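S.K.: What follows is my_file37.cif; its format and atoms are mmCIF, C-alpha atoms.
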data_final
#
loop_
_atom_site.label_atom_id
_atom_site.label_comp_id
_atom_site.auth_asym_id
_atom_site.auth_seq_id
_atom_site.Cartn_x
_atom_site.Cartn_y
_atom_site.Cartn_z
CA MET A 12 -195.28 216.48 53.38
CA ALA A 13 -195.59 220.23 53.44
CA MET A 14 -191.90 220.53 54.30
CA VAL A 15 -190.64 218.46 51.37
CA SER A 16 -193.15 219.77 48.81
CA ALA A 17 -192.78 223.48 49.50
CA LYS A 18 -191.55 225.66 46.62
CA ALA A 19 -190.03 229.12 46.86
CA GLU A 20 -191.95 232.15 45.66
CA VAL A 21 -189.33 234.88 45.18
CA ASP A 22 -189.05 238.25 43.49
CA LEU A 23 -185.23 238.32 43.31
CA PRO A 24 -184.22 239.07 39.69
CA LEU A 25 -182.17 236.24 38.19
CA SER A 26 -179.45 238.69 37.19
CA ASP A 27 -179.04 239.68 40.87
CA PHE A 28 -178.72 236.10 42.09
CA GLN A 29 -174.98 235.57 42.42
CA PRO A 30 -174.48 232.72 44.92
CA LYS A 31 -171.07 232.01 46.40
CA SER A 32 -170.07 228.37 46.58
CA MET A 33 -169.56 226.89 50.02
CA ILE A 34 -167.31 224.12 48.67
CA VAL A 35 -163.93 224.04 50.40
CA ALA A 36 -161.35 222.50 48.08
CA GLU A 37 -157.69 222.85 47.15
CA GLU A 38 -156.90 225.78 44.88
CA HIS A 39 -153.92 226.10 42.55
CA HIS A 40 -153.62 229.47 40.89
CA LEU A 41 -151.08 229.26 38.07
CA GLU A 42 -149.32 232.43 36.98
CA ARG A 43 -147.90 230.88 33.82
CA ALA A 44 -148.51 227.74 31.82
CA ARG A 45 -146.19 224.83 32.44
CA PHE A 46 -144.97 225.03 28.83
CA PRO A 47 -144.93 227.77 26.16
CA VAL A 48 -148.39 228.32 24.70
CA ILE A 49 -149.71 229.13 21.23
CA ASP A 50 -153.22 230.55 21.36
CA TYR A 51 -154.49 229.31 18.00
CA HIS A 52 -157.90 231.01 18.21
CA ASN A 53 -158.35 234.62 19.19
CA HIS A 54 -159.72 237.89 17.76
CA LEU A 55 -157.42 240.87 18.25
CA ASP A 56 -158.50 243.32 15.54
CA SER A 57 -159.59 246.08 17.94
CA LEU A 58 -156.58 245.77 20.25
CA ASP A 59 -153.17 247.42 20.42
CA PRO A 60 -150.51 244.72 19.85
CA ARG A 61 -148.31 246.26 22.56
CA ASP A 62 -151.04 245.73 25.17
CA VAL A 63 -151.51 242.14 24.02
CA LEU A 64 -147.79 241.45 24.20
CA ARG A 65 -147.70 242.55 27.85
CA VAL A 66 -150.36 239.96 28.71
CA MET A 67 -148.57 237.33 26.65
CA ASP A 68 -145.28 237.95 28.45
CA ALA A 69 -146.97 237.77 31.86
CA CYS A 70 -148.60 234.41 31.13
CA GLY A 71 -146.07 232.60 28.94
CA ILE A 72 -147.98 232.91 25.67
CA GLU A 73 -145.47 232.41 22.88
CA LYS A 74 -147.75 233.32 19.97
CA ILE A 75 -151.36 234.28 19.25
CA VAL A 76 -153.11 233.54 15.98
CA ASN A 77 -155.43 236.45 15.29
CA ILE A 78 -158.48 235.42 13.29
CA THR A 79 -159.20 238.73 11.67
CA MET A 80 -162.85 239.53 11.05
CA LYS A 81 -161.90 242.03 8.35
CA THR A 82 -161.99 241.36 4.62
CA GLY A 83 -160.47 242.97 1.53
CA ASP A 84 -157.88 245.70 2.03
CA GLU A 85 -158.83 245.99 5.69
CA ALA A 86 -157.78 242.38 6.21
CA LEU A 87 -154.41 243.05 4.61
CA ARG A 88 -153.90 246.05 6.86
CA MET A 89 -154.78 243.95 9.89
CA ILE A 90 -152.19 241.35 8.93
CA ASP A 91 -149.60 244.13 8.62
CA LYS A 92 -150.64 245.68 11.95
CA PHE A 93 -149.76 242.59 13.97
CA HIS A 94 -146.93 241.27 11.85
CA SER A 95 -145.15 244.62 12.03
CA ALA A 96 -145.55 244.62 15.82
CA ASP A 97 -143.83 241.22 16.15
CA PRO A 98 -143.85 238.65 13.33
CA GLN A 99 -142.68 235.91 15.69
CA ARG A 100 -145.45 236.46 18.24
CA PHE A 101 -148.45 237.03 15.97
CA ALA A 102 -149.96 235.18 13.02
CA THR A 103 -153.22 235.76 11.17
CA ILE A 104 -156.03 233.59 9.81
CA GLY A 105 -158.17 235.24 7.16
CA TRP A 106 -161.96 235.61 7.17
CA MET A 107 -164.16 234.25 4.38
CA ASP A 108 -165.50 237.16 2.31
CA TRP A 109 -169.11 236.73 1.13
CA SER A 110 -169.54 240.31 -0.07
CA ASP A 111 -169.94 239.30 -3.71
CA VAL A 112 -171.38 235.81 -3.20
CA THR A 113 -174.24 236.52 -5.60
CA GLY A 114 -171.86 237.43 -8.44
CA PRO A 115 -171.13 235.01 -11.30
CA ASP A 116 -167.38 235.07 -10.67
CA PHE A 117 -167.55 234.73 -6.88
CA VAL A 118 -165.46 231.57 -6.65
CA SER A 119 -162.69 232.78 -8.95
CA ARG A 120 -162.50 236.08 -7.05
CA THR A 121 -162.36 234.17 -3.77
CA LEU A 122 -159.42 232.12 -5.03
CA GLN A 123 -157.61 235.34 -5.95
CA ARG A 124 -158.34 236.83 -2.53
CA LEU A 125 -157.08 233.69 -0.86
CA GLU A 126 -153.81 233.86 -2.77
CA MET A 127 -153.44 237.52 -1.82
CA LEU A 128 -154.03 236.80 1.86
CA VAL A 129 -151.44 234.03 1.91
CA GLU A 130 -148.90 236.15 0.02
CA ARG A 131 -149.36 238.80 2.72
CA GLY A 132 -148.76 236.22 5.46
CA ALA A 133 -152.12 234.66 6.34
CA VAL A 134 -151.80 231.12 7.75
CA GLY A 135 -155.37 229.93 7.18
CA ILE A 136 -158.92 230.84 6.23
CA LYS A 137 -161.99 230.71 8.45
CA PHE A 138 -165.54 229.82 7.45
CA TRP A 139 -167.87 231.25 10.10
CA LYS A 140 -171.34 230.13 11.16
CA ASP A 141 -173.02 232.53 8.73
CA LEU A 142 -172.46 229.81 6.12
CA GLY A 143 -175.50 227.60 6.53
CA LEU A 144 -177.41 230.11 8.61
CA SER A 145 -177.60 233.39 6.71
CA VAL A 146 -175.45 233.50 3.53
CA CYS A 147 -177.65 233.22 0.42
CA ASP A 148 -176.79 232.63 -3.22
CA ALA A 149 -177.95 234.65 -6.22
CA SER A 150 -181.35 232.93 -6.22
CA GLY A 151 -181.94 233.93 -2.61
CA GLU A 152 -181.56 230.36 -1.37
CA LEU A 153 -179.60 229.70 1.81
CA LEU A 154 -176.13 228.47 0.85
CA ARG A 155 -175.41 225.04 2.30
CA VAL A 156 -172.08 224.38 3.97
CA ASP A 157 -171.53 221.47 1.58
CA ASP A 158 -172.57 223.34 -1.58
CA GLU A 159 -170.36 221.84 -4.30
CA ARG A 160 -169.84 225.27 -5.87
CA LEU A 161 -167.50 226.01 -2.95
CA ALA A 162 -165.31 222.95 -3.58
CA PRO A 163 -162.58 224.85 -5.50
CA ILE A 164 -161.99 227.03 -2.42
CA PHE A 165 -161.17 224.01 -0.25
CA ASP A 166 -158.97 222.61 -3.02
CA LYS A 167 -157.16 225.94 -3.21
CA ALA A 168 -156.49 225.86 0.52
CA GLU A 169 -154.87 222.47 0.08
CA GLU A 170 -152.78 223.78 -2.81
CA LEU A 171 -151.62 226.76 -0.73
CA GLY A 172 -150.87 224.52 2.25
CA ILE A 173 -153.14 226.34 4.70
CA PRO A 174 -155.81 224.89 7.01
CA VAL A 175 -159.49 225.71 6.75
CA MET A 176 -161.13 226.55 10.06
CA PHE A 177 -164.84 225.78 10.39
CA HIS A 178 -167.04 227.43 12.98
CA THR A 179 -170.24 225.72 11.92
CA ALA A 180 -173.42 226.04 14.02
CA ASP A 181 -173.19 226.96 17.72
CA PRO A 182 -173.95 225.48 21.17
CA ASP A 183 -177.03 223.25 21.35
CA ALA A 184 -178.89 225.74 23.54
CA PHE A 185 -178.66 228.39 20.81
CA PHE A 186 -180.99 226.28 18.66
CA LEU A 187 -183.66 226.04 21.37
CA PRO A 188 -186.27 228.56 22.53
CA ILE A 189 -184.90 231.23 24.84
CA ASP A 190 -187.08 230.30 27.78
CA ALA A 191 -187.00 229.05 31.35
CA GLN A 192 -185.72 225.62 30.29
CA ASN A 193 -182.75 226.91 28.32
CA GLU A 194 -179.58 226.33 30.37
CA ARG A 195 -177.92 229.35 28.74
CA TYR A 196 -180.88 231.66 29.24
CA GLU A 197 -178.88 234.53 30.73
CA GLU A 198 -176.30 234.48 27.94
CA LEU A 199 -178.99 234.40 25.25
CA ALA A 200 -181.04 237.06 27.01
CA ALA A 201 -177.97 239.29 26.83
CA HIS A 202 -177.35 238.29 23.18
CA PRO A 203 -180.72 237.35 21.63
CA ASP A 204 -179.20 237.59 18.16
CA TRP A 205 -177.14 234.50 19.06
CA GLY A 206 -180.28 232.38 19.05
CA PHE A 207 -181.07 230.26 15.97
CA TYR A 208 -184.27 228.55 17.05
CA GLY A 209 -186.33 227.80 13.94
CA SER A 210 -183.39 228.05 11.52
CA GLN A 211 -183.80 226.34 8.14
CA TYR A 212 -181.20 223.70 8.99
CA SER A 213 -180.99 222.05 12.38
CA LYS A 214 -177.68 222.02 14.19
CA GLN A 215 -177.11 218.37 13.34
CA GLU A 216 -177.84 219.03 9.67
CA LEU A 217 -175.26 221.83 9.67
CA LEU A 218 -172.63 219.59 11.28
CA ASP A 219 -173.41 216.83 8.78
CA GLN A 220 -172.89 219.30 5.93
CA ARG A 221 -169.54 220.35 7.41
CA ASP A 222 -168.43 216.75 7.81
CA LEU A 223 -169.30 216.01 4.18
CA VAL A 224 -166.93 218.78 3.08
CA ILE A 225 -164.18 217.29 5.25
CA ALA A 226 -164.82 213.88 3.69
CA ARG A 227 -164.78 215.24 0.13
CA HIS A 228 -161.41 216.96 0.62
CA PRO A 229 -159.17 214.43 2.39
CA LYS A 230 -155.97 216.27 1.43
CA THR A 231 -157.14 219.58 2.88
CA THR A 232 -156.37 220.25 6.54
CA PHE A 233 -159.36 221.33 8.61
CA VAL A 234 -159.70 222.76 12.12
CA ALA A 235 -163.15 222.40 13.70
CA ALA A 236 -163.37 225.27 16.17
CA HIS A 237 -164.96 225.12 19.61
CA VAL A 238 -164.55 221.35 20.07
CA ALA A 239 -166.20 220.95 16.66
CA GLU A 240 -169.33 222.50 18.23
CA SER A 241 -169.82 219.20 20.05
CA GLY A 242 -168.93 220.30 23.55
CA GLU A 243 -172.25 219.09 24.96
CA ASN A 244 -171.99 215.74 23.17
CA LEU A 245 -168.39 214.63 23.14
CA ALA A 246 -169.29 211.38 21.41
CA LEU A 247 -169.62 213.48 18.24
CA ALA A 248 -166.12 214.89 18.71
CA PHE A 249 -164.74 211.37 19.21
CA LYS A 250 -166.50 210.21 16.04
CA LEU A 251 -165.25 213.17 13.98
CA LEU A 252 -161.63 212.63 14.97
CA GLU A 253 -161.85 208.87 14.52
CA THR A 254 -163.39 209.18 11.07
CA TYR A 255 -161.39 211.99 9.46
CA PRO A 256 -157.62 212.09 9.95
CA ASN A 257 -157.43 215.48 8.19
CA VAL A 258 -159.26 217.37 10.94
CA SER A 259 -158.20 218.75 14.32
CA ILE A 260 -160.30 220.57 16.89
CA ASP A 261 -159.61 223.57 19.11
CA ILE A 262 -160.95 224.09 22.63
CA SER A 263 -161.60 227.82 22.33
CA ALA A 264 -164.47 229.13 24.50
CA ARG A 265 -165.42 225.59 25.53
CA ALA A 266 -163.68 225.10 28.87
CA SER A 267 -167.17 225.64 30.25
CA GLU A 268 -168.45 222.51 28.49
CA LEU A 269 -165.37 220.34 28.82
CA GLY A 270 -164.86 221.18 32.48
CA ARG A 271 -168.31 220.05 33.60
CA GLN A 272 -167.70 216.55 32.20
CA PRO A 273 -164.04 216.11 33.17
CA TYR A 274 -163.87 212.31 32.88
CA LYS A 275 -165.00 212.18 29.26
CA ALA A 276 -163.11 215.36 28.38
CA ARG A 277 -159.86 213.96 29.79
CA GLU A 278 -160.45 210.77 27.79
CA LEU A 279 -160.74 212.88 24.64
CA PHE A 280 -157.41 214.61 25.30
CA LEU A 281 -155.65 211.35 26.11
CA LYS A 282 -156.98 209.59 23.01
CA PHE A 283 -156.28 212.43 20.56
CA PRO A 284 -153.35 214.39 22.02
CA ASP A 285 -152.04 215.19 18.52
CA ARG A 286 -155.36 216.57 17.25
CA ILE A 287 -156.40 219.14 19.89
CA LEU A 288 -155.31 222.79 19.78
CA PHE A 289 -155.28 225.34 22.56
CA GLY A 290 -157.37 228.41 21.81
CA SER A 291 -159.06 230.96 24.03
CA ASP A 292 -161.43 233.06 21.87
CA LEU A 293 -161.58 235.59 24.70
CA LEU A 294 -160.15 239.04 25.32
CA PRO A 295 -156.48 238.51 26.23
CA GLU A 296 -156.29 239.02 29.97
CA GLU A 297 -154.01 237.47 32.55
CA SER A 298 -156.93 236.16 34.62
CA MET A 299 -158.51 234.50 31.57
CA TYR A 300 -155.37 232.63 30.54
CA ARG A 301 -154.69 231.55 34.12
CA LEU A 302 -158.13 229.97 34.39
CA TYR A 303 -157.39 227.99 31.23
CA PHE A 304 -154.08 226.82 32.70
CA ARG A 305 -155.83 225.81 35.92
CA PHE A 306 -158.41 223.87 33.91
CA LEU A 307 -155.86 221.96 31.84
CA GLU A 308 -153.10 221.41 34.40
CA THR A 309 -154.67 220.94 37.84
CA ALA A 310 -157.10 218.57 39.52
CA ASP A 311 -158.90 221.48 41.19
CA GLU A 312 -162.62 221.09 41.72
CA TYR A 313 -165.59 223.37 41.12
CA PHE A 314 -164.06 226.66 40.03
CA GLU A 315 -165.02 229.35 37.55
CA TYR A 316 -164.39 228.83 33.86
CA PRO A 317 -162.95 231.54 31.57
CA SER A 318 -165.82 233.34 29.86
CA HIS A 319 -167.31 236.65 28.77
CA ALA A 320 -169.38 238.94 30.99
CA SER A 321 -172.71 237.11 30.58
CA ARG A 322 -171.05 233.70 31.09
CA GLN A 323 -172.24 230.55 29.38
CA GLY A 324 -174.29 228.84 32.06
CA ARG A 325 -174.75 228.56 35.81
CA TRP A 326 -172.21 225.91 36.62
CA ASN A 327 -168.54 225.59 37.53
CA ILE A 328 -165.85 223.29 36.18
CA TYR A 329 -163.24 220.72 37.22
CA GLY A 330 -159.59 220.51 36.19
CA LEU A 331 -158.37 217.82 33.79
CA HIS A 332 -154.89 217.36 35.30
CA LEU A 333 -153.39 216.46 31.91
CA PRO A 334 -149.96 214.79 31.76
CA ASP A 335 -146.97 216.77 30.53
CA ASP A 336 -146.68 215.01 27.18
CA VAL A 337 -150.29 215.93 26.35
CA LEU A 338 -149.93 219.49 27.60
CA ARG A 339 -146.89 220.08 25.38
CA LYS A 340 -148.83 219.00 22.32
CA VAL A 341 -152.04 220.85 23.10
CA TYR A 342 -150.35 224.04 24.22
CA ARG A 343 -147.83 224.33 21.39
CA GLU A 344 -146.67 221.40 19.27
CA ASN A 345 -149.95 220.74 17.45
CA ALA A 346 -150.22 224.38 16.44
CA LEU A 347 -146.64 224.42 15.18
CA ARG A 348 -147.51 221.71 12.65
CA LEU A 349 -150.17 224.00 11.16
CA LEU A 350 -148.04 227.15 11.10
CA PRO A 351 -145.35 227.98 8.53
CA SER A 352 -141.88 227.15 9.81
#
Please express what this file holds, its structure, as structure tokens.
M.R.:
Amino acid sequence: MAMVSAKAEVDLPLSDFQPKSMIVAEEHHLERARFPVIDYHNHLDSLDPRDVLRVMDACGIEKIVNITMKTGDEALRMIDKFHSADPQRFATIGWMDWSDVTGPDFVSRTLQRLEMLVERGAVGIKFWKDLGLSVCDASGELLRVDDERLAPIFDKAEELGIPVMFHTADPDAFFLPIDAQNERYEELAAHPDWGFYGSQYSKQELLDQRDLVIARHPKTTFVAAHVAESGENLALAFKLLETYPNVSIDISARASELGRQPYKARELFLKFPDRILFGSDLLPEESMYRLYFRFLETADEYFEYPSHASRQGRWNIYGLHLPDDVLRKVYRENALRLLPS
């Protein structure tokens, strides 16, 4: 009894515990993707396009869509920065500007800004998680994702022929206390400002608000980033794609979630091969892209997922071994349908 009931009492700091797996399994390290790749979700503002192009050439990345986090004139300059470097290899999605959200003419000014961005070459507009979590209206009330005052903006996107990207809410663990039971404790300890425990709207309420916008605007094209923030509960992603034909999802920064449930994740790809976009949302590095390729193309078991320095949880992932016809669509063809010819 003492043997099976004993518990360890240790003073090793969690950050110093870096175990090495003893699993012996086949490894396939891919230098380049099997087909040309469009990275539909990345953030390149701080980078030199020439450095990014070297990584792209090494890994077979045909194009990267930079989601600029700049607004106003800075956003226009960022579009020019990458388009002037190589207009065939870079595209830009604009960032929703809330700087004058409390003003009486906010919506009309937003429509003008949207037109200006598209005229300069922007291929979409992104609504970030601050909508629903921190953006307030003139009365000081938190602005809901489905606030009807924003409807003309989604209609304008449809008129301009550009998709709206939603990054609404965040991983489930970010809405829980940062404590010993939180599976992403280390990540949240490194980034405590990423935690939204006690927010006015629950995660599910935020996703419901997003889905209502998608339902209200059936002619507008939407992209729900990060597996529609349903990486831990893929049944929600299935339901979203089954219900709304005007929405696609991207897989950016969610190989960690998809790869630890490979059977259900593979089912998602096989059922909706035309609705899933490749995206990385990580600093362009050869090692990062090659982990993504390994995840999508091989049947390798229990290997590291692409992530940032603090990682997203203490687990490894399994490859999905997707068929060629699905890989072609996810890597490139689905993105091409959303990009100007």
S.K.: Take atom CA of Ile262 of chain A and atom CA of Ile287 of chain A and report the distance between them in Å, one decimal.
M.R.: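 Rounded to one decimal, the two atoms are 7.3 Å apart.
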S.K.: At a cut-off of 6 Å, using all atoms listed in the file, what residues contact segment 44-54 of chain A? Leave out same-chain residues fewer than 3 positions from it and give the result as a VMD selection string.
M.R.: chain A and resid 71 to 78 289 to 292 304 342 to 343
S.K.: Using only the atoms of segment 48-59 of chain A listed in the file, plus 6 Å on each side, state the axis-aligned box centre and edge lengths in Å rounded to one decimal, as lines of an AutoDock Vina configuration file.
M.R.:
center_x = -154.1
center_y = 237.9
center_z = 20.1
size_x = 23.3
size_y = 31.1
size_z = 21.2
S.K.: When the PyMOL selection byres ((chain A and resi 237-248) around 9) is applied to the structure above, which residues does it catch, written out as number ranges by chain?
M.R.: A: 177-183, 218, 234-236, 249-253, 259-269, 272, 275-276, 279, 287, 290, 292
S.K.: Excluding segment 26-29 of chain A and any residue of its chain fewer than 4 positions from it, enumerate the residues within 12 Å of it, using only C-alpha atoms, and give them as a compact mmCIF listing (two decimals) with C-alpha atoms, in the frame of the given file.
M.R.:
# COMPACT_ATOMS: atom_id res chain seq x y z
CA VAL A 21 -189.33 234.88 45.18
CA ASP A 22 -189.05 238.25 43.49
CA TYR A 196 -180.88 231.66 29.24
CA GLU A 197 -178.88 234.53 30.73
CA GLU A 198 -176.30 234.48 27.94
CA ALA A 200 -181.04 237.06 27.01
CA ALA A 201 -177.97 239.29 26.83
CA ALA A 320 -169.38 238.94 30.99
CA SER A 321 -172.71 237.11 30.58
CA ARG A 322 -171.05 233.70 31.09
CA ARG A 325 -174.75 228.56 35.81
CA TRP A 326 -172.21 225.91 36.62
S.K.: Selected by the PyMOL selection byres ((chain A and resi 305-316) around 10) in the shown coordinates: which residues, as a ChimeraX atom specification?
M.R.: /A:32,34-45,264-271,273,277,280,289,299-304,317-319,322-323,325-335,337-338,341-342
S.K.: Take the PyMOL selection byres ((chain A and resi 154) around 12), run it mentally on this structure, and tell me the resulting residues as an MDAnalysis selection string.
M.R.: chainID A and resid 109 112:113 140:153 155:161 211:212 217 220
S.K.: Restricting the calculation to only C-alpha atoms: of A:Gly324, A:Leu23, A:Asp59, A:Pro256, which residue gets closest to Asn193 of chain A?
M.R.: A:Gly324
S.K.: To one decimal place, how far is atom CA of Leu288 of chain A from atom CA of Gly105 of chain A in Å?
M.R.: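 Here the two named atoms are 18.0 Å from each other.
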S.K.: Could you check how far atom CA of Cys70 of chain A sits from atom CA of Arg339 of chain A, in Å to one decimal?
M.R.: 15.5 Å
S.K.: Excluding same-chain residues fewer than 6 positions from segment 127-138 of chain A, what lies within 7 Å of it counting all atoms listed in the file, as number ranges by chain?
M.R.: A: 87, 102-107, 173-178, 350
S.K.: Point out the residue among A:Ile189, A:Ala13, A:Met33, A:Leu125 with the least atom-to-atom distance to Leu171 of chain A, counting all atoms listed in the file.
M.R.: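 Nearest to Leu171 of chain A: A:Leu125.
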S.K.: Quick one: of A:Gly209, A:Glu170, A:Arg100, A:Phe186, who's nearest to Met67 of chain A, counting all atoms listed in the file?
M.R.: A:Arg100
S.K.: When distances are computed from only C-alpha atoms, which of A:Glu296, A:Glu85, A:Glu20, A:Asp204 shows the smallest separation from Val63 of chain A?
M.R.: A:Glu296
S.K.: So which one's closest to Asp62 of chain A, A:Leu349, A:Met14, A:Ala86, A:Pro295? Using all atoms listed in the file, please.
M.R.: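 Going through A:Leu349, A:Met14, A:Ala86, A:Pro295 one by one, the smallest distance to Asp62 of chain A is for A:Pro295.
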